[in-house]
>>> print(open('entry-v3.csv').read())   # CSV, C-alpha atoms
chain,number,residue,atom,x,y,z
A,1,MET,CA,40.1,-22.6,-82.6
A,2,LYS,CA,37.9,-24.4,-80.2
A,3,THR,CA,38.7,-23.6,-76.7
A,4,LEU,CA,38.5,-26.2,-74.0
A,5,ASP,CA,36.3,-24.9,-71.2
A,6,ASN,CA,35.3,-28.1,-69.6
A,7,TYR,CA,37.8,-30.9,-69.3
A,8,GLN,CA,38.8,-33.4,-66.8
A,9,ILE,CA,42.4,-34.3,-66.2
A,10,LYS,CA,42.8,-38.0,-65.8
A,11,LEU,CA,45.6,-39.8,-64.1
A,12,ASN,CA,46.5,-43.4,-65.0
A,13,SER,CA,47.0,-46.2,-62.6
A,14,HIS,CA,50.6,-45.0,-62.0
A,15,LEU,CA,49.2,-41.6,-61.1
A,16,GLU,CA,50.7,-40.1,-64.2
A,17,PHE,CA,49.0,-37.7,-66.5
A,18,ASP,CA,46.9,-39.5,-68.9
A,19,SER,CA,47.0,-37.7,-72.2
A,20,ASN,CA,43.7,-39.1,-73.1
A,21,PHE,CA,41.8,-36.5,-71.4
A,22,GLU,CA,38.2,-36.2,-72.2
A,23,ILE,CA,36.3,-33.1,-73.0
A,24,LEU,CA,33.1,-32.9,-71.0
A,25,ASP,CA,30.0,-32.0,-72.9
A,26,GLU,CA,28.6,-28.9,-71.3
A,27,LYS,CA,25.1,-30.0,-71.8
A,28,LYS,CA,25.8,-33.3,-70.1
A,29,SER,CA,27.8,-31.8,-67.4
A,30,LEU,CA,25.2,-29.3,-66.3
A,31,PRO,CA,22.8,-31.7,-64.5
A,32,ASN,CA,25.8,-33.1,-62.6
A,33,MET,CA,27.0,-29.6,-61.8
A,34,LYS,CA,23.6,-28.6,-60.7
A,35,ALA,CA,23.3,-31.6,-58.5
A,36,LYS,CA,26.7,-30.9,-57.0
A,37,VAL,CA,25.8,-27.2,-56.4
A,38,PHE,CA,22.5,-28.2,-54.9
A,39,LEU,CA,24.1,-30.7,-52.6
A,40,THR,CA,26.9,-28.3,-51.6
A,41,ALA,CA,24.3,-25.6,-50.8
A,42,ALA,CA,22.2,-28.0,-48.9
A,43,MET,CA,25.2,-29.0,-46.8
A,44,LEU,CA,26.2,-25.4,-46.2
A,45,GLY,CA,22.7,-24.5,-45.3
A,46,SER,CA,22.3,-27.3,-42.8
A,47,ILE,CA,25.6,-26.3,-41.2
A,48,SER,CA,24.5,-22.6,-40.9
A,49,PHE,CA,21.1,-23.7,-39.6
A,50,VAL,CA,22.9,-25.7,-36.9
A,51,GLN,CA,25.1,-22.7,-36.1
A,52,ALA,CA,22.1,-20.4,-35.7
A,53,THR,CA,20.3,-22.5,-33.1
A,54,PRO,CA,21.8,-23.0,-29.6
A,55,ILE,CA,22.8,-26.6,-29.0
A,56,ASN,CA,22.8,-28.1,-25.5
A,57,TYR,CA,25.5,-30.5,-24.9
A,58,ASP,CA,25.6,-33.4,-22.6
A,59,LEU,CA,28.8,-32.8,-20.7
A,60,ASN,CA,29.4,-36.5,-20.3
A,61,ILE,CA,29.9,-36.8,-24.0
A,62,SER,CA,33.3,-35.8,-25.0
A,63,GLN,CA,33.5,-33.7,-28.1
A,64,ASP,CA,36.4,-32.8,-30.2
A,65,TYR,CA,34.8,-29.8,-31.7
A,66,ARG,CA,32.9,-26.7,-30.5
A,67,ILE,CA,30.0,-25.1,-32.3
A,68,GLU,CA,29.6,-21.4,-31.6
A,69,SER,CA,26.0,-20.4,-31.6
A,70,LEU,CA,25.3,-17.0,-33.1
A,71,LYS,CA,22.8,-16.2,-30.4
A,72,ASN,CA,25.0,-17.3,-27.7
A,73,SER,CA,27.9,-15.3,-29.0
A,74,GLU,CA,25.7,-12.2,-29.0
A,75,PHE,CA,24.6,-12.9,-25.4
A,76,VAL,CA,28.2,-13.3,-24.3
A,77,THR,CA,29.2,-10.1,-26.0
A,78,SER,CA,26.5,-8.1,-24.2
A,79,GLU,CA,27.3,-9.7,-20.9
A,80,ILE,CA,31.0,-8.8,-21.3
A,81,SER,CA,30.0,-5.2,-22.2
A,82,THR,CA,27.8,-4.9,-19.1
A,83,TYR,CA,30.5,-6.3,-16.9
A,84,VAL,CA,33.1,-3.8,-18.3
A,85,ASP,CA,30.7,-0.9,-17.7
A,86,LYS,CA,30.3,-2.0,-14.1
A,87,LEU,CA,34.0,-2.3,-13.6
A,88,ASN,CA,34.4,1.2,-15.0
A,89,LYS,CA,31.7,2.6,-12.7
A,90,VAL,CA,33.4,1.0,-9.7
A,91,SER,CA,36.8,2.3,-10.6
A,92,ASP,CA,35.4,5.8,-11.3
A,93,LYS,CA,33.8,6.0,-7.9
A,94,LYS,CA,36.7,4.7,-5.8
A,95,LEU,CA,37.7,7.6,-3.5
A,96,THR,CA,40.3,7.7,-0.9
A,97,LYS,CA,39.9,9.4,2.4
A,98,PHE,CA,42.7,11.8,1.5
A,99,GLN,CA,40.9,12.9,-1.7
A,100,ILE,CA,37.7,13.5,0.2
A,101,ILE,CA,39.4,15.6,2.8
A,102,GLU,CA,41.2,17.6,0.1
A,103,GLU,CA,37.9,18.4,-1.6
A,104,ILE,CA,36.3,19.4,1.7
A,105,LEU,CA,39.1,21.8,2.3
A,106,SER,CA,38.6,23.3,-1.2
A,107,PHE,CA,34.9,23.8,-0.4
A,108,LYS,CA,35.9,25.8,2.6
A,109,SER,CA,37.9,28.1,0.3
A,110,LEU,CA,35.0,28.9,-2.1
A,111,GLU,CA,34.2,32.5,-2.6
A,112,ASN,CA,30.9,34.1,-1.6
A,113,SER,CA,28.2,33.6,-4.3
A,114,TRP,CA,30.2,30.7,-5.8
A,115,ASP,CA,27.0,29.5,-7.5
A,116,GLY,CA,25.9,32.9,-8.8
A,117,TYR,CA,23.0,33.0,-6.3
A,118,SER,CA,24.6,34.3,-3.1
A,119,ALA,CA,25.9,30.9,-2.0
A,120,LYS,CA,28.2,30.8,1.1
A,121,PRO,CA,31.4,28.7,1.4
A,122,LEU,CA,31.4,25.6,3.5
A,123,GLY,CA,31.0,26.4,7.2
A,124,ILE,CA,33.9,25.5,9.5
A,125,LYS,CA,31.7,23.5,11.9
A,126,CYS,CA,30.1,21.7,8.9
A,127,ALA,CA,33.5,20.7,7.6
A,128,SER,CA,34.7,19.4,10.9
A,129,ASN,CA,31.5,17.4,11.5
A,130,ALA,CA,31.9,15.9,8.0
A,131,LEU,CA,35.4,14.8,9.0
A,132,LYS,CA,34.0,13.3,12.2
A,133,ILE,CA,31.5,11.2,10.4
A,134,LEU,CA,34.1,10.1,7.8
A,135,ASP,CA,36.4,9.0,10.6
A,136,ASN,CA,33.7,6.7,11.8
A,137,ILE,CA,33.1,5.2,8.4
A,138,GLY,CA,35.5,2.5,7.0
A,139,GLU,CA,37.7,3.1,4.0
A,140,ASN,CA,35.6,0.6,2.1
A,141,GLU,CA,32.4,2.6,2.7
A,142,LEU,CA,34.2,5.8,1.9
A,143,SER,CA,35.2,4.5,-1.5
A,144,LYS,CA,31.6,3.8,-2.3
A,145,ILE,CA,30.7,7.5,-2.1
A,146,SER,CA,29.0,8.3,-5.4
A,147,ASP,CA,29.0,12.1,-5.0
A,148,PHE,CA,29.6,14.9,-2.5
A,149,TYR,CA,29.2,18.7,-2.8
A,150,PRO,CA,28.8,21.9,-0.9
A,151,ASN,CA,25.4,23.5,-0.5
A,152,PRO,CA,24.5,27.2,-1.0
A,153,ASN,CA,23.9,27.7,2.8
A,154,GLY,CA,27.3,26.3,3.9
A,155,THR,CA,26.4,22.7,4.6
A,156,ILE,CA,27.8,19.7,2.8
A,157,SER,CA,26.1,16.6,1.3
A,158,PHE,CA,27.3,13.1,0.6
A,159,GLU,CA,25.5,10.4,-1.5
A,160,TRP,CA,25.9,6.7,-1.7
A,161,GLU,CA,24.1,5.3,-4.7
A,162,ASN,CA,24.4,1.7,-6.0
A,163,LEU,CA,23.8,0.3,-9.4
A,164,ASN,CA,20.2,-0.5,-8.5
A,165,GLU,CA,19.6,3.2,-7.9
A,166,GLU,CA,19.2,2.7,-4.2
A,167,ILE,CA,20.6,5.7,-2.4
A,168,ILE,CA,21.5,7.1,1.0
A,169,SER,CA,21.7,10.9,0.9
A,170,LEU,CA,23.3,12.7,3.8
A,171,GLU,CA,23.5,16.4,4.6
A,172,ILE,CA,25.8,17.7,7.4
A,173,GLY,CA,25.2,20.9,9.3
A,174,LYS,CA,27.0,22.7,12.1
A,175,ASP,CA,25.0,20.9,14.9
A,176,THR,CA,23.2,18.0,13.4
A,177,PHE,CA,22.8,16.0,10.3
A,178,SER,CA,19.9,14.6,8.3
A,179,TYR,CA,19.7,11.7,5.8
A,180,TYR,CA,17.2,9.5,4.0
A,181,VAL,CA,17.5,5.9,3.0
A,182,SER,CA,15.8,4.8,-0.2
A,183,PHE,CA,16.1,1.1,-0.9
A,184,ASN,CA,14.0,-0.7,-3.6
A,185,SER,CA,12.4,-3.2,-1.3
A,186,VAL,CA,11.3,-0.9,1.5
A,187,GLU,CA,9.7,2.4,2.1
A,188,THR,CA,12.0,5.4,2.2
A,189,ARG,CA,13.1,6.3,5.7
A,190,TYR,CA,14.0,9.8,6.9
A,191,PHE,CA,16.3,10.8,9.7
A,192,ASN,CA,16.4,14.4,10.8
A,193,LYS,CA,18.3,16.4,13.5
A,194,GLN,CA,20.7,13.5,14.2
A,195,ASN,CA,23.5,14.2,16.6
A,196,PHE,CA,27.1,13.6,16.1
A,197,ASN,CA,27.3,11.0,18.9
A,198,SER,CA,28.4,7.4,18.5
A,199,GLU,CA,24.8,6.0,18.7
A,200,ASP,CA,23.3,8.1,15.8
A,201,ILE,CA,26.4,7.7,13.7
A,202,SER,CA,26.4,4.0,14.2
A,203,VAL,CA,22.8,3.7,13.0
A,204,PHE,CA,23.8,5.7,9.9
A,205,LYS,CA,26.9,3.6,9.3
A,206,ASN,CA,24.8,0.4,9.4
A,207,PHE,CA,22.7,1.7,6.5
A,208,ILE,CA,25.9,2.5,4.5
A,209,LEU,CA,27.0,-1.1,5.0
A,210,SER,CA,23.8,-2.2,3.4
A,211,VAL,CA,24.1,-0.1,0.2
B,1,MET,CA,-10.1,87.9,-16.4
B,2,ARG,CA,-12.7,85.7,-17.7
B,3,ILE,CA,-10.5,84.9,-20.6
B,4,LEU,CA,-7.7,84.1,-18.3
B,5,ALA,CA,-9.8,81.8,-16.2
B,6,PHE,CA,-11.1,80.1,-19.3
B,7,LEU,CA,-7.5,79.6,-20.5
B,8,LYS,CA,-6.5,78.2,-17.1
B,9,THR,CA,-9.3,75.8,-17.0
B,10,LEU,CA,-8.5,74.7,-20.6
B,11,PHE,CA,-4.8,74.2,-19.6
B,12,CYS,CA,-5.7,72.1,-16.5
B,13,GLN,CA,-8.0,70.0,-18.6
B,14,CYS,CA,-5.3,69.3,-21.2
B,15,SER,CA,-2.7,68.3,-18.6
B,16,LYS,CA,-5.1,65.9,-16.9
B,17,ASN,CA,-5.9,64.4,-20.3
B,18,ALA,CA,-2.2,64.1,-21.0
B,19,GLU,CA,-1.6,62.3,-17.7
B,20,SER,CA,-4.5,59.9,-18.1
B,21,PHE,CA,-3.4,59.3,-21.7
B,22,GLN,CA,0.1,58.4,-20.5
B,23,GLU,CA,-1.3,56.0,-17.9
B,24,GLU,CA,-3.4,54.4,-20.5
B,25,VAL,CA,-0.4,53.9,-22.7
B,26,GLU,CA,1.7,52.3,-19.9
B,27,GLN,CA,-1.2,50.0,-19.0
B,28,GLU,CA,-1.5,48.9,-22.6
B,29,GLU,CA,2.3,48.2,-22.8
B,30,ALA,CA,2.1,46.2,-19.6
B,31,SER,CA,-0.8,44.2,-20.7
B,32,SER,CA,0.7,43.4,-24.2
B,33,PHE,CA,3.7,41.8,-22.4
B,34,SER,CA,2.0,40.0,-19.7
B,35,LEU,CA,2.2,36.2,-19.4
B,36,PRO,CA,-0.6,34.1,-18.0
B,37,SER,CA,-0.2,34.3,-14.3
B,38,ASP,CA,-0.9,30.6,-13.9
B,39,ILE,CA,2.0,28.3,-14.9
B,40,SER,CA,0.8,25.3,-16.7
B,41,TYR,CA,2.0,21.8,-16.0
B,42,GLU,CA,3.5,21.4,-19.4
B,43,GLU,CA,5.6,24.6,-19.3
B,44,ASN,CA,9.4,24.2,-19.6
B,45,ILE,CA,11.2,25.9,-16.7
B,46,ALA,CA,14.8,27.0,-17.0
B,47,ARG,CA,17.3,27.4,-14.2
B,48,TYR,CA,20.6,29.2,-14.6
B,49,ILE,CA,23.7,27.1,-13.9
B,50,PHE,CA,26.7,29.4,-13.4
B,51,SER,CA,29.1,27.1,-11.7
B,52,PRO,CA,30.6,23.7,-12.6
B,53,ILE,CA,30.3,22.9,-8.8
B,54,ASN,CA,26.6,22.3,-9.6
B,55,VAL,CA,27.5,19.6,-12.1
B,56,ASN,CA,29.1,16.2,-12.0
B,57,GLU,CA,31.4,16.6,-15.0
B,58,LYS,CA,32.1,12.9,-15.3
B,59,ASN,CA,28.6,12.2,-16.4
B,60,ASN,CA,27.1,15.7,-17.0
B,61,ASN,CA,24.5,15.1,-14.3
B,62,LEU,CA,23.3,18.0,-12.1
B,63,LYS,CA,23.8,17.9,-8.4
B,64,ASN,CA,21.1,18.7,-5.8
B,65,ASN,CA,22.9,21.9,-4.8
B,66,CYS,CA,21.7,23.6,-8.0
B,67,LEU,CA,18.1,23.7,-6.8
B,68,LYS,CA,18.6,24.8,-3.2
B,69,PRO,CA,17.7,28.2,-2.0
B,70,PRO,CA,20.3,30.6,-0.5
B,71,THR,CA,20.5,31.4,3.2
B,72,GLY,CA,17.5,33.3,4.5
B,73,SER,CA,15.2,32.3,1.6
B,74,ASP,CA,12.8,29.5,0.7
B,75,GLU,CA,12.9,30.5,-3.0
B,76,VAL,CA,14.7,29.2,-6.1
B,77,SER,CA,14.8,31.5,-9.0
B,78,VAL,CA,13.7,30.1,-12.4
B,79,ASN,CA,12.4,31.3,-15.7
B,80,ARG,CA,9.5,30.4,-17.9
B,81,PHE,CA,11.4,29.3,-21.0
B,82,ASP,CA,8.4,28.8,-23.3
B,83,TYR,CA,8.0,32.6,-23.6
B,84,THR,CA,11.6,33.4,-24.2
B,85,ASP,CA,14.7,31.9,-25.7
B,86,GLU,CA,18.2,30.7,-24.6
B,87,SER,CA,20.0,33.8,-26.0
B,88,PHE,CA,17.9,36.2,-24.0
B,89,LEU,CA,18.4,34.2,-20.8
B,90,LYS,CA,22.2,33.9,-21.4
B,91,ASN,CA,22.5,37.6,-22.0
B,92,LEU,CA,20.5,38.3,-18.9
B,93,GLY,CA,22.6,35.8,-16.9
B,94,LEU,CA,25.8,37.4,-18.0
B,95,GLU,CA,24.5,40.8,-17.0
B,96,MET,CA,23.6,39.4,-13.6
B,97,GLN,CA,27.1,38.1,-13.0
B,98,LYS,CA,29.0,41.3,-13.9
B,99,PRO,CA,31.8,42.1,-13.3
B,100,ASN,CA,32.4,38.3,-13.1
B,101,LYS,CA,32.0,36.4,-16.4
B,102,GLU,CA,30.5,33.2,-15.2
B,103,PHE,CA,28.1,31.0,-17.1
B,104,TYR,CA,27.8,27.3,-17.5
B,105,GLY,CA,24.5,26.6,-19.0
B,106,LEU,CA,20.8,26.1,-18.5
B,107,ALA,CA,18.9,23.3,-16.7
B,108,PHE,CA,15.4,22.5,-17.9
B,109,PHE,CA,12.5,20.6,-16.3
B,110,LYS,CA,8.7,20.6,-16.6
B,111,ALA,CA,6.6,22.7,-14.2
B,112,GLN,CA,4.8,19.4,-13.5
B,113,LEU,CA,7.8,18.0,-11.6
B,114,VAL,CA,7.8,20.9,-9.2
B,115,ILE,CA,4.1,20.7,-8.5
B,116,GLU,CA,4.2,16.9,-8.2
B,117,ASN,CA,6.8,17.2,-5.5
B,118,ASN,CA,4.6,19.6,-3.5
B,119,PHE,CA,6.6,22.7,-4.1
B,120,ASP,CA,4.9,25.9,-5.3
B,121,LEU,CA,5.8,27.5,-8.6
B,122,VAL,CA,4.9,31.1,-8.6
B,123,TYR,CA,5.1,33.6,-11.5
B,124,THR,CA,7.1,36.6,-10.1
B,125,PRO,CA,8.1,38.8,-13.0
B,126,ILE,CA,10.7,41.5,-12.5
B,127,PRO,CA,9.4,44.5,-14.6
B,128,SER,CA,11.7,45.8,-17.2
B,129,VAL,CA,14.3,43.3,-16.2
B,130,ASN,CA,13.0,39.8,-16.6
B,131,GLU,CA,9.3,39.3,-17.4
B,132,PHE,CA,9.8,35.5,-17.4
B,133,HIS,CA,11.0,35.2,-13.8
B,134,SER,CA,9.4,32.8,-11.5
B,135,ASP,CA,10.1,31.2,-8.1
B,136,ILE,CA,10.0,27.7,-6.8
B,137,LYS,CA,9.0,27.9,-3.1
B,138,ILE,CA,10.2,24.9,-1.1
B,139,GLY,CA,8.3,25.9,2.0
B,140,TYR,CA,11.3,25.9,4.2
B,141,VAL,CA,13.5,29.0,4.9
B,142,VAL,CA,17.1,27.9,4.7
B,143,GLU,CA,19.4,28.8,7.6
B,144,ARG,CA,23.2,29.3,7.4
B,145,ASP,CA,25.0,26.0,8.2
B,146,VAL,CA,21.8,24.1,9.0
B,147,GLU,CA,20.9,21.1,6.9
B,148,LEU,CA,17.6,20.8,5.0
B,149,PRO,CA,15.0,18.2,6.2
B,150,ALA,CA,15.7,14.9,4.5
B,151,GLU,CA,12.2,14.9,2.9
B,152,ILE,CA,13.0,18.1,1.1
B,153,ASN,CA,16.3,16.8,-0.1
B,154,GLU,CA,14.5,13.8,-1.6
B,155,LYS,CA,12.0,16.0,-3.4
B,156,ILE,CA,14.8,18.1,-4.9
B,157,ARG,CA,16.5,15.0,-6.0
B,158,ASN,CA,13.3,13.8,-7.7
B,159,ILE,CA,13.3,17.0,-9.8
B,160,ILE,CA,17.0,16.8,-10.6
B,161,LYS,CA,16.7,13.2,-11.9
B,162,ASN,CA,14.4,14.5,-14.6
B,163,THR,CA,16.3,17.7,-15.4
B,164,LYS,CA,18.2,18.2,-18.6
B,165,LEU,CA,21.4,20.3,-18.7
B,166,PHE,CA,22.5,22.2,-21.8
B,167,LYS,CA,26.0,23.7,-21.7
B,168,ASP,CA,27.3,26.9,-23.1
B,169,THR,CA,30.4,28.0,-21.2
B,170,ASN,CA,31.5,30.6,-23.8
B,171,THR,CA,31.2,34.0,-22.0
B,172,ASP,CA,32.6,36.1,-24.8
B,173,THR,CA,29.3,36.3,-26.5
B,174,SER,CA,25.8,36.8,-25.1
B,175,ASN,CA,24.3,34.7,-27.9
B,176,TRP,CA,23.7,31.1,-27.1
B,177,ILE,CA,26.3,29.0,-29.0
B,178,GLY,CA,26.3,25.9,-26.9
B,179,ASP,CA,24.3,22.7,-26.9
B,180,GLU,CA,21.2,22.7,-29.1
B,181,ILE,CA,18.2,23.0,-26.8
B,182,ARG,CA,16.0,20.0,-27.3
B,183,LEU,CA,13.2,19.6,-24.9
>>> encode(input="entry-v3.csv", output="structure tokens")
Amino acid sequence: MKTLDNYQIKLNSHLEFDSNFEILDEKKSLPNMKAKVFLTAAMLGSISFVQATPINYDLNISQDYRIESLKNSEFVTSEISTYVDKLNKVSDKKLTKFQIIEEILSFKSLENSWDGYSAKPLGIKCASNALKILDNIGENELSKISDFYPNPNGTISFEWENLNEEIISLEIGKDTFSYYVSFNSVETRYFNKQNFNSEDISVFKNFILSV
Amino acid sequence: MRILAFLKTLFCQCSKNAESFQEEVEQEEASSFSLPSDISYEENIARYIFSPINVNEKNNNLKNNCLKPPTGSDEVSVNRFDYTDESFLKNLGLEMQKPNKEFYGLAFFKAQLVIENNFDLVYTPIPSVNEFHSDIKIGYVVERDVELPAEINEKIRNIIKNTKLFKDTNTDTSNWIGDEIRL
């Protein structure tokens, strides 16, 4: 029994099934099919080509449709990813004054040789000087502290580092403090044997505001 | 009497020979274990990290305090890693900490970094204990509760930025079972 593989259903003028359907000759239908396939592929190809290249729109022209560029979508994705990373960094580094004071007290309680190399716990005067400096720095600047830690000889260090790898590194001793300021646009500056008076602390604070 | 004198002379001769022979053996042993006294730029240097206080555990970065000398010293103890291995160093490190069992890992950097930052790197073996021991000399004797000059802090930070940390916090075994050391 011959099977009907290619046939066309016809409707009459009353949109009713016309029993006189015709069997399409495969050989004859092929060129038409090929043409249709070619045209369809050409249309699809042109659409995908349009999608692959960025299109600049004149904002004055109102459009009812949006075309998403593949390149633009990749750009947007990477920008979002970078933004999220920055948010995470900011939220990770946000410290409160209370947290910092708590940590400073814990450094005071360290045992001798806490680093395995004869390190001493944080000195009392060093701890109180650290609190003095922190009192003079605003909460906003405190929250920007990127790291702080005790040193083996009993001093304490604080670092403010931004996303451009610019850094202010401070070390506080029992009588004086030292710090360096490393910004990308200028030569590194060093400040040694600074006193815990309002003048020297104020100079230091101005640098913190610039980070 | 002559025979006795002869025997005495012979005996003294033998004991002298034995002593000099022993000295020669010791010298041979020492020379077979000796490392070159000059540390080359490309050598990998290892520093023990015993405490998590030396590490920012959020990002696994080392802190400056891991390369600062203790009070009264201008030296930072390190090891010439290219002539030994991590298991030997870990075993030795645990021995050093007894009775405490503290070990965090090893920090590695090139000798070049130390020299480029104008610190000295000197081979200072500890015979029969640690033939790979060396010292970084920062040129400034640290005092209790007195801050380091800012310039030295910056140099230490320059080294730390290019230092790799490999963790092994398991103190139950002296074999290294932590991060694979890839330098």
>>> interface_residues(input="entry-v3.csv", of="chain B", to="chain A", cutoff="9 Å", atoms="all atoms listed in the file", output="ChimeraX atom specification")
/B:48-54,56,58,63-66,68-72,77,96-97,102-103,142-151,153-154
>>> atom_distance(input="entry-v3.csv", atom1="atom CA of Thr96 of chain A", atom2="atom CA of Asn197 of chain A")
23.9 Å
>>> closest_residue(input="entry-v3.csv", among="B:Ile45, B:Ala111, B:Ile152, B:Ile181", to="Phe166 of chain B", atoms="all atoms listed in the file")
B:Ile181
>>> residues_around(input="entry-v3.csv", residues="Ile177 of chain B", least_positions_apart="6", cutoff="12 Å", atoms="only C-alpha atoms", output="NGL selection string")
:B and (86-87 or 90-91 or 104-105 or 166-171)
>>> atom_distance(input="entry-v3.csv", atom1="atom CA of Leu209 of chain A", atom2="atom CA of Asn158 of chain B")
23.9 Å
>>> atom_distance(input="entry-v3.csv", atom1="atom CA of Asp38 of chain B", atom2="atom CA of Val78 of chain B")
14.7 Å
>>> closest_residue(input="entry-v3.csv", among="B:Lys155, B:Lys164, B:Arg182, B:Lys110", to="Asn61 of chain B", atoms="all atoms listed in the file")
B:Lys164
>>> closest_residue(input="entry-v3.csv", among="B:Ile39, B:Leu106, B:Ile138, B:Leu92", to="Ile156 of chain B", atoms="only C-alpha atoms")
B:Ile138
>>> residues_near_point(input="entry-v3.csv", point="(9.4, 36.4, -6.8)", cutoff="12 Å", atoms="only C-alpha atoms", output="list in words")
Ser73, Asp74, Glu75, Val76, Ser77, Val78, Asn79, Asp120, Leu121, Val122, Tyr123, Thr124, Pro125, Ile126, Pro127, Asn130, Glu131, Phe132, His133, Ser134, Asp135, Ile136 and Lys137 of chain B
>>> residues_around(input="entry-v3.csv", residues="Asn164 of chain A", least_positions_apart="5", cutoff="12 Å", atoms="only C-alpha atoms", output="list of chain:residue names")
A:Lys86, A:Ser182, A:Phe183, A:Asn184, A:Ser185, A:Val211
>>> residues_around(input="entry-v3.csv", residues="Ile133 of chain A", least_positions_apart="5", cutoff="10 Å", atoms="all atoms listed in the file", output="PyMOL selection string")
chain A and resi 128+172+177+196-198+201-202+204-205
>>> decode(input="entry-v3.csv", residues="segment 117-168 of chain A", atoms="C-alpha atoms", output="compact mmCIF listing (two decimals), in the first residue's frame")
# COMPACT_ATOMS: atom_id res chain seq x y z
CA TYR A 117 59.05 32.92 68.08
CA SER A 118 59.06 34.58 71.55
CA ALA A 119 56.43 37.21 70.71
CA LYS A 120 55.10 39.37 73.56
CA PRO A 121 51.46 40.26 74.15
CA LEU A 122 50.26 43.74 73.27
CA GLY A 123 51.78 46.36 75.61
CA ILE A 124 49.42 48.30 77.88
CA LYS A 125 50.64 51.70 76.72
CA CYS A 126 50.45 50.59 73.09
CA ALA A 127 46.85 49.49 73.60
CA SER A 128 45.83 52.77 75.27
CA ASN A 129 47.57 54.81 72.56
CA ALA A 130 45.71 52.83 69.94
CA LEU A 131 42.42 53.69 71.61
CA LYS A 132 43.48 57.35 71.75
CA ILE A 133 44.05 57.44 68.00
CA LEU A 134 40.85 55.56 67.29
CA ASP A 135 38.93 58.09 69.37
CA ASN A 136 40.16 60.84 67.08
CA ILE A 137 39.15 59.02 63.93
CA GLY A 138 35.53 59.05 62.82
CA GLU A 139 33.37 55.93 62.68
CA ASN A 140 33.39 56.07 58.91
CA GLU A 141 37.19 55.96 58.79
CA LEU A 142 37.27 53.19 61.37
CA SER A 143 34.99 51.09 59.23
CA LYS A 144 37.49 51.37 56.39
CA ILE A 145 40.25 49.60 58.35
CA SER A 146 41.32 46.69 56.15
CA ASP A 147 43.40 44.88 58.77
CA PHE A 148 44.92 45.24 62.23
CA TYR A 149 47.13 42.92 64.25
CA PRO A 150 49.55 42.68 67.15
CA ASN A 151 53.29 42.65 66.48
CA PRO A 152 55.85 40.34 68.13
CA ASN A 153 57.42 43.16 70.17
CA GLY A 154 54.16 44.36 71.76
CA THR A 155 53.10 47.11 69.34
CA ILE A 156 49.96 47.14 67.23
CA SER A 157 49.46 47.87 63.53
CA PHE A 158 46.50 49.13 61.49
CA GLU A 159 46.11 49.23 57.74
CA TRP A 160 43.78 51.15 55.48
CA GLU A 161 43.92 49.81 51.95
CA ASN A 162 41.52 50.71 49.16
CA LEU A 163 40.59 48.85 46.00
CA ASN A 164 43.35 50.63 44.07
CA GLU A 165 45.94 49.06 46.40
CA GLU A 166 46.71 52.42 47.94
CA ILE A 167 47.59 51.97 51.58
CA ILE A 168 48.22 53.72 54.85
